[in-house]
Amino acid sequence: MRALRQLLISTITLSHLCINAVDAQAGSPSQWPLHDNGLNDVVQWDHYSFKVNGKRLFVFSGELHYWRIPVPEVWEDILEKIKAAGFTAFAFYGHWGYHSPNNKTLDFSTGAHDFSKLFDIAKRVGLYVIVRPGPYVNAEANAGGFPLWLTTGAYGELRNDDPRYLTALEPYFSEFSRITSEHLVTKGGNVLVYQIENEYGEQWNRSNRSADERIPNVSAANYMAALEKMARDNGIDVPLIHNDPNMNTKAWSKDFAPNATGNVDVAGLDSYPSCWSCNLDECTGTNGEYVAYQVVNYYDHFAETSPTQPSFFPEFQGGSYNPWGGPEGGCPGDIGADFANLFYRNLISQRVTAISLYMMYGGTNWGALAAPVVATSYDYSSPISESRQIGSKFYETKNLALFTRVAEDLIMTDRLGNSTGYTTNQNVVASELRNPDTNGAFYVTSHSYSPSGTKESFKLHVSTSIGNLTIPQSNGSILLNGHQSKIVVTDFRFGDGILTYSTAEVLTYAIVDGSPILALWAGTGDSVEFHLKDATNGTVSRIEATTKATFHRDEHGILVNLASISGFNVLEFDNGVKMIIADKPTAYLFWAPNLSNDPFAPVDQSILVHGPYLVRSASITDNILSLTGDIANATTISAFAPKAVTRISWNGHPVQTHLTPHGILKATLPGPQPNITLPLLSSWKVHDALPELHPLYNDSGPAWTSATHTTTSNPTKPLTLPVLYVDDYAIHNSFHIFRARFTGPATSLSLSIAGGLAFGYSAWLNGHHLTSYLGSPSAGTSNLTLPFPNNTLSANGTNILVIAMDNTGHDLRAAAVSPRGILAARLHGADAHFSSWKISRAAGGDDGGYALDPVRAPLNEGGLVAERLGWHLPGFNDSAWEYGAPSTGFEGAGISFYRTSFKLDVPQGLDVGLRFVFQALGSRKVRVQLFVNGWQYGRFNAWVGKERGFAVPPGVLDYVGENVVGVSVWGQGEGERAKVGVGLEMVYAVESSWDARFEGGGMRTGWSEERLRYG
């Protein structure tokens, strides 16, 4: 076999002189050592791939964040979709700040804080898990996932071996590790690998120097070693991994620096070849000038830094976040289905066998989860949308993932060349990957200039077990239609069958009743040619065929041509092989559900199903095939199942089934009847939400903290005293009110305030509006001088200044300690001075309200009186309030809070995506907070932001009961009317086996009298 392989390589090189020489990494598989971590051999790895219990695994994974979708029942829906897409794994970040409301408390048990439920679902569904605990996760989250009490500067420099920092993180990291340790693959669970830190390329003080000049960063190395020890001491015995933030740092790989402190078992790379933000200007400093669809050379990086390890992306771009001021709905046009097609195949062309997409499901930045770089939505233009809907990007990703799940030869390949010499068109390049043991090969084709979107036809020079060929051999060609890549297989093994080659891509295959069923796909209207070994005759199922096929027998098997693909065609051959050839839209709705919960999804325990919007699971009992899933309209199910099966059950209900002459089970399902009338949001009640403006307001209660500090541990020192950084007083997120008293004939006030990108504030003197800073998506601080009109000063000499401030979150990485609050406040005028400062805090005290509301806190609430008194919560009595709607609004600068309620009754068997939509009907100088059943689920900023729709999941919304909506409207324009339209919209409705009517009452805990203390 080795001699044959060398002969094939030589023949290729002689026949196609433009093809690159044999890749430097290609060689005998025996030259690549098989590694384990020295603790066990359950998970191993080598130059080619990961192995689990001795079997090679193509890791196709996608990320979700449980803390961004804080409803455990919804996790099941998302993971079932990830599994259905052909993935073998999913990944998730932890969030130290979500679990730690203060430096004395950890919560891993209340509501969604109990992330162990993810492991239970993964076990049932059949997915491996990549766990990424942090302690820092970035994730465009508030302070990058650090607890906000860590941002004061009192814990030293973050992310190094400072004992103060290590002591602070140890309880979280150790307990997170201990909980995870109970679910490792080494103990019969599904956790595959464990990531230490995140995007921490700090191993070298001078990372761009040559290898013999590398200078270790001792503090960073000690830090990584400490994290590894904590993980190991708390039961983590699977491989430890890391994701290098770019290709320059070359950090933590045992291959690159064998004896360096802090190295992990498997070093991976983190990459966003398109811009990670919908604001392309954010990426020019790292990516250079933005060029759409420009692929990146990773192959040489892995060859240098980790040659004896699998080429692994713990993070690869699944989408982009939408920053403040970004386009409404994000930027799916840049990173949609075409992006998925081209870039994920490009990874395969570079021998990557482990990929985790960031994000697979983004979710929502409810409460104060978000850092200033990103608005409330975290849809991320992901394959699964924020409202849990799937579409073309999901299906495009599915088509590739299903292939990687069954292409066993792909998990162990050498790249033998990468050149336009493989093709008859200089505008098309191909990479040849070949399995050194079986000689099965994969030719990944794309435009030679990857940003090109031209339509290109070509023939491909391939080397097969029946000789060197140029395919297609007959009339026709292979087509790249726009931003597209295609993987052409040769000597592809599927069960007992061998596909010598195919100009259509392999979708998947299953072994049913001992015989293989292979599915291929191509573009609508494309011609297809393939050669099947060891067959002499083929027939076309006229019931299923929409395209004429011709068959030509030769000494090796049978050559088949189809002139123009449309729909799907079923062909049968005398060697027992059945083949499906589908066009792209049809292939989108093909599924390969497995009859087991094995993440490998063994092909002899799979069936093929076409038709539904989603197929979640399949099981066979006696003669019944039970399928679960979703349909969006009237659907015909075509199932390729064992002969013993004669009936289909859909979502627990038997459906009329008939068997075609070619053994395909057929059933027709009527479309869902979403008889849902969404309520108009009416009968609003309103209350003033800024009583602090009144001169007689009493700010002596527990809702108020006296700001008296004259020193701070923050490295950024204030320009005036007292210290007015909110974090110094254990006040961290969302909305703050500063209330100050001063005497003396002041003429003006100079203010410097830091609140993060897009933050804003309004200031009043003795109830008179002075000014409002409206915010900017590119500025996190404001420096203004506020003149005091003569009629605003108090006659008795005591004046009250009120500043309402919107904190959009803490910055990322080392900048997490950048202060939030007032940097400087200077009065101008003889003898004018402040006598006191007070700051409002969230109800409940120093833990951000955790003691009052452990399910939602500590990131849900801020210091607005409506939040402190619980006006946003179910059960609050608003009977004494006046009627008034946000669409009517109010005049001038101020804040009003509006409440209403409505009932939902989503019919049984439907899954419905709902969102709230806002519109500024008057002034654009308006900021809005949305509360749904007590959860802060949206921030609408008509001046800075463009996002106006906010998806709210079931669980937060009660799909079968009463729902309470609270809306705070903050008008920042003097003499302008603040009025806002609020509506409820249905994004989609599908018939589903997933039950959206779950009880979920524990998510929607209500008001208590304890709140009254915080007025």
# chains A, B, ... in the order shown; residues from 1 in each chain; ligands from 1
>>> residues_around(residues="Ser219 of chain A", least_positions_apart="4", cutoff="7 Å", atoms="only C-alpha atoms", output="ChimeraX atom specification")
/A:160-161,223
>>> write_last_selection(atoms="N, CA and C atoms", output="CSV table (one decimal), in the first residue's frame")
chain,number,residue,atom,x,y,z
A,160,ASN,N,-2.4,37.0,35.8
A,160,ASN,CA,-1.0,36.6,36.0
A,160,ASN,C,-0.9,35.9,37.4
A,161,ASP,N,0.3,35.7,37.9
A,161,ASP,CA,0.5,35.0,39.1
A,161,ASP,C,0.5,35.8,40.4
A,223,TYR,N,1.2,31.4,36.0
A,223,TYR,CA,-0.2,31.5,36.0
A,223,TYR,C,-0.8,30.3,35.4
>>> residues_around(residues="Lys548 of chain A", least_positions_apart="3", cutoff="8 Å", atoms="only C-alpha atoms", output="list of chain:residue names")
A:Ala545, A:Leu562, A:Ala563
>>> write_last_selection(atoms="N, CA and C atoms", output="JSON list (two decimals), in the first residue's frame")
[["chain", "number", "residue", "atom", "x", "y", "z"],
["A", 545, "ALA", "N", -36.89, 10.07, -9.44],
["A", 545, "ALA", "CA", -35.96, 10.75, -10.32],
["A", 545, "ALA", "C", -36.59, 11.95, -11.00],
["A", 562, "LEU", "N", -25.37, 12.30, -14.91],
["A", 562, "LEU", "CA", -26.67, 12.96, -14.79],
["A", 562, "LEU", "C", -26.50, 14.36, -15.34],
["A", 563, "ALA", "N", -27.34, 14.75, -16.29],
["A", 563, "ALA", "CA", -27.11, 15.96, -17.05],
["A", 563, "ALA", "C", -27.41, 17.24, -16.27]]
>>> select_by_dssp(residues="segment 326-363 of chain A", states="helix (DSSP H, G or I)", output="list in words")
Ala337, Asp338, Phe339, Ala340, Asn341, Leu342, Phe343, Tyr344, Arg345, Asn346, Leu347, Ile348 and Ser349 of chain A
>>> atom_distance(atom1="atom CA of Asn783 of chain A", atom2="atom CA of Asn698 of chain A")
29.5 Å
>>> residues_around(residues="segment 432-442 of chain A", least_positions_apart="3", cutoff="6 Å", atoms="only C-alpha atoms", output="number ranges by chain")
A: 409, 412-417, 488-492
>>> atom_distance(atom1="atom CA of Glu962 of chain A", atom2="atom CA of Phe902 of chain A")
5.7 Å
>>> closest_residue(among="A:Pro307, A:Pro695, A:Gly514, A:Pro70", to="Tyr937 of chain A", atoms="only C-alpha atoms")
A:Pro70
>>> closest_residue(among="A:Ser61, A:Ser879, A:Gln972, A:Thr500", to="Ile895 of chain A", atoms="only C-alpha atoms")
A:Gln972
>>> residues_around(residues="segment 602-610 of chain A", least_positions_apart="2", cutoff="7 Å", atoms="only C-alpha atoms", output="PyMOL selection string")
chain A and resi 509-512+589-596+600+612+637-641
>>> atom_distance(atom1="atom CA of Thr305 of chain A", atom2="atom CA of Phe60 of chain A")
21.9 Å
>>> closest_residue(among="A:Gly367, A:Gly145, A:Pro854, A:Gly391", to="Ala632 of chain A", atoms="only C-alpha atoms")
A:Gly391
>>> residues_around(residues="segment 198-206 of chain A", least_positions_apart="5", cutoff="9 Å", atoms="only C-alpha atoms", output="MDAnalysis selection string")
chainID A and resid 132:138 159 213:221 242:246 248:252 260:263 269:270
>>> residues_around(residues="Leu801 of chain A", least_positions_apart="6", cutoff="10 Å", atoms="only C-alpha atoms", output="list in words")
Glu692, Leu693, Pro695, Phe738, Arg739, Ala740, Arg741, Phe742, Ala763, Trp764, Leu765, Asn766, Gly767, His768, His769, Leu770, Phe834 and Trp837 of chain A
>>> write_last_selection(atoms="N, CA and C atoms", output="CSV table (one decimal), in the first residue's frame")
chain,number,residue,atom,x,y,z
A,692,GLU,N,-35.8,61.1,42.7
A,692,GLU,CA,-34.6,61.7,43.3
A,692,GLU,C,-34.4,63.2,42.9
A,693,LEU,N,-35.1,63.6,41.9
A,693,LEU,CA,-35.1,65.0,41.5
A,693,LEU,C,-35.7,65.9,42.5
A,695,PRO,N,-36.5,67.9,45.7
A,695,PRO,CA,-35.6,68.4,46.8
A,695,PRO,C,-35.9,67.7,48.1
A,738,PHE,N,-26.2,59.4,40.8
A,738,PHE,CA,-25.4,60.1,41.8
A,738,PHE,C,-26.2,61.3,42.3
A,739,ARG,N,-26.2,61.5,43.6
A,739,ARG,CA,-26.9,62.6,44.2
A,739,ARG,C,-26.0,63.4,45.1
A,740,ALA,N,-25.7,64.6,44.8
A,740,ALA,CA,-24.7,65.4,45.5
A,740,ALA,C,-25.4,66.7,46.0
A,741,ARG,N,-24.8,67.2,47.1
A,741,ARG,CA,-25.2,68.5,47.7
A,741,ARG,C,-24.0,69.4,47.7
A,742,PHE,N,-24.3,70.7,47.4
A,742,PHE,CA,-23.2,71.6,47.5
A,742,PHE,C,-23.7,73.0,47.9
A,763,ALA,N,-28.1,65.3,33.6
A,763,ALA,CA,-27.8,66.0,34.8
A,763,ALA,C,-28.9,67.0,35.1
A,764,TRP,N,-29.3,67.1,36.4
A,764,TRP,CA,-30.2,68.1,36.8
A,764,TRP,C,-29.7,68.8,38.1
A,765,LEU,N,-30.0,70.1,38.1
A,765,LEU,CA,-29.6,70.9,39.3
A,765,LEU,C,-30.9,71.4,39.9
A,766,ASN,N,-31.2,71.0,41.1
A,766,ASN,CA,-32.4,71.4,41.8
A,766,ASN,C,-33.7,71.1,41.0
A,767,GLY,N,-33.6,70.0,40.3
A,767,GLY,CA,-34.8,69.6,39.4
A,767,GLY,C,-34.8,70.2,38.1
A,768,HIS,N,-33.9,71.1,37.7
A,768,HIS,CA,-33.8,71.7,36.4
A,768,HIS,C,-32.8,70.9,35.5
A,769,HIS,N,-33.2,70.5,34.4
A,769,HIS,CA,-32.3,69.8,33.5
A,769,HIS,C,-31.2,70.7,33.0
A,770,LEU,N,-30.0,70.2,33.2
A,770,LEU,CA,-28.8,71.0,32.7
A,770,LEU,C,-28.4,70.5,31.3
A,834,PHE,N,-18.7,70.7,47.2
A,834,PHE,CA,-19.6,69.6,47.5
A,834,PHE,C,-19.5,69.3,48.9
A,837,TRP,N,-21.8,63.3,48.6
A,837,TRP,CA,-22.1,62.5,47.4
A,837,TRP,C,-22.8,61.2,47.8
>>> select_by_dssp(residues="segment 128-247 of chain A", states="strand (DSSP E)", output="list in words")
Tyr128, Val129, Ile130, Val131, Arg132, Val191, Leu192, Val193, Tyr194, Gln195, Leu240, Ile241, His242, Asn243 and Asp244 of chain A
>>> write_last_selection(atoms="N, CA and C atoms", output="short mmCIF file (atom, residue, chain, number, x, y, z; two decimals), in the first residue's frame")
data_model
loop_
_atom_site.label_atom_id
_atom_site.label_comp_id
_atom_site.auth_asym_id
_atom_site.auth_seq_id
_atom_site.Cartn_x
_atom_site.Cartn_y
_atom_site.Cartn_z
N TYR A 128 -20.10 15.18 22.26
CA TYR A 128 -18.98 15.45 23.15
C TYR A 128 -19.01 16.93 23.54
N VAL A 129 -18.27 17.25 24.62
CA VAL A 129 -18.32 18.60 25.15
C VAL A 129 -16.89 19.14 25.31
N ILE A 130 -16.69 20.36 24.81
CA ILE A 130 -15.47 21.11 25.03
C ILE A 130 -15.79 22.16 26.08
N VAL A 131 -15.16 22.06 27.24
CA VAL A 131 -15.47 22.95 28.37
C VAL A 131 -14.39 24.02 28.47
N ARG A 132 -14.84 25.26 28.58
CA ARG A 132 -13.92 26.41 28.61
C ARG A 132 -14.31 27.30 29.80
N VAL A 191 -17.44 14.91 28.41
CA VAL A 191 -16.49 16.01 28.34
C VAL A 191 -15.19 15.49 27.74
N LEU A 192 -14.80 16.09 26.62
CA LEU A 192 -13.69 15.59 25.82
C LEU A 192 -12.37 16.25 26.19
N VAL A 193 -12.37 17.59 26.29
CA VAL A 193 -11.16 18.36 26.60
C VAL A 193 -11.56 19.54 27.49
N TYR A 194 -10.57 20.14 28.12
CA TYR A 194 -10.80 21.22 29.09
C TYR A 194 -9.83 22.34 28.78
N GLN A 195 -10.36 23.53 28.51
CA GLN A 195 -9.51 24.64 28.09
C GLN A 195 -9.01 25.45 29.29
N LEU A 240 -5.79 18.95 28.50
CA LEU A 240 -5.92 20.39 28.68
C LEU A 240 -5.53 21.08 27.38
N ILE A 241 -6.32 22.07 26.98
CA ILE A 241 -6.10 22.74 25.70
C ILE A 241 -6.02 24.24 25.92
N HIS A 242 -5.62 24.94 24.86
CA HIS A 242 -5.61 26.40 24.87
C HIS A 242 -5.84 26.89 23.45
N ASN A 243 -6.43 28.08 23.32
CA ASN A 243 -6.66 28.68 22.01
C ASN A 243 -5.81 29.94 21.88
N ASP A 244 -4.77 29.85 21.07
CA ASP A 244 -3.88 30.99 20.85
C ASP A 244 -4.65 32.08 20.10
#
>>> residues_around(residues="Thr888 of chain A", least_positions_apart="5", cutoff="12 Å", atoms="only C-alpha atoms", output="number ranges by chain")
A: 682, 684-686, 883, 896, 898, 920-923, 969, 977-982
>>> closest_residue(among="A:Ala824, A:Ala407, A:Ala549, A:Val855", to="Ile348 of chain A", atoms="only C-alpha atoms")
A:Ala407
>>> closest_residue(among="A:Arg927, A:His183, A:Lys254, A:His732", to="Lys117 of chain A", atoms="only C-alpha atoms")
A:His183
>>> closest_residue(among="A:Phe343, A:Phe788, A:Tyr501, A:Tyr725", to="Leu469 of chain A", atoms="only C-alpha atoms")
A:Tyr501
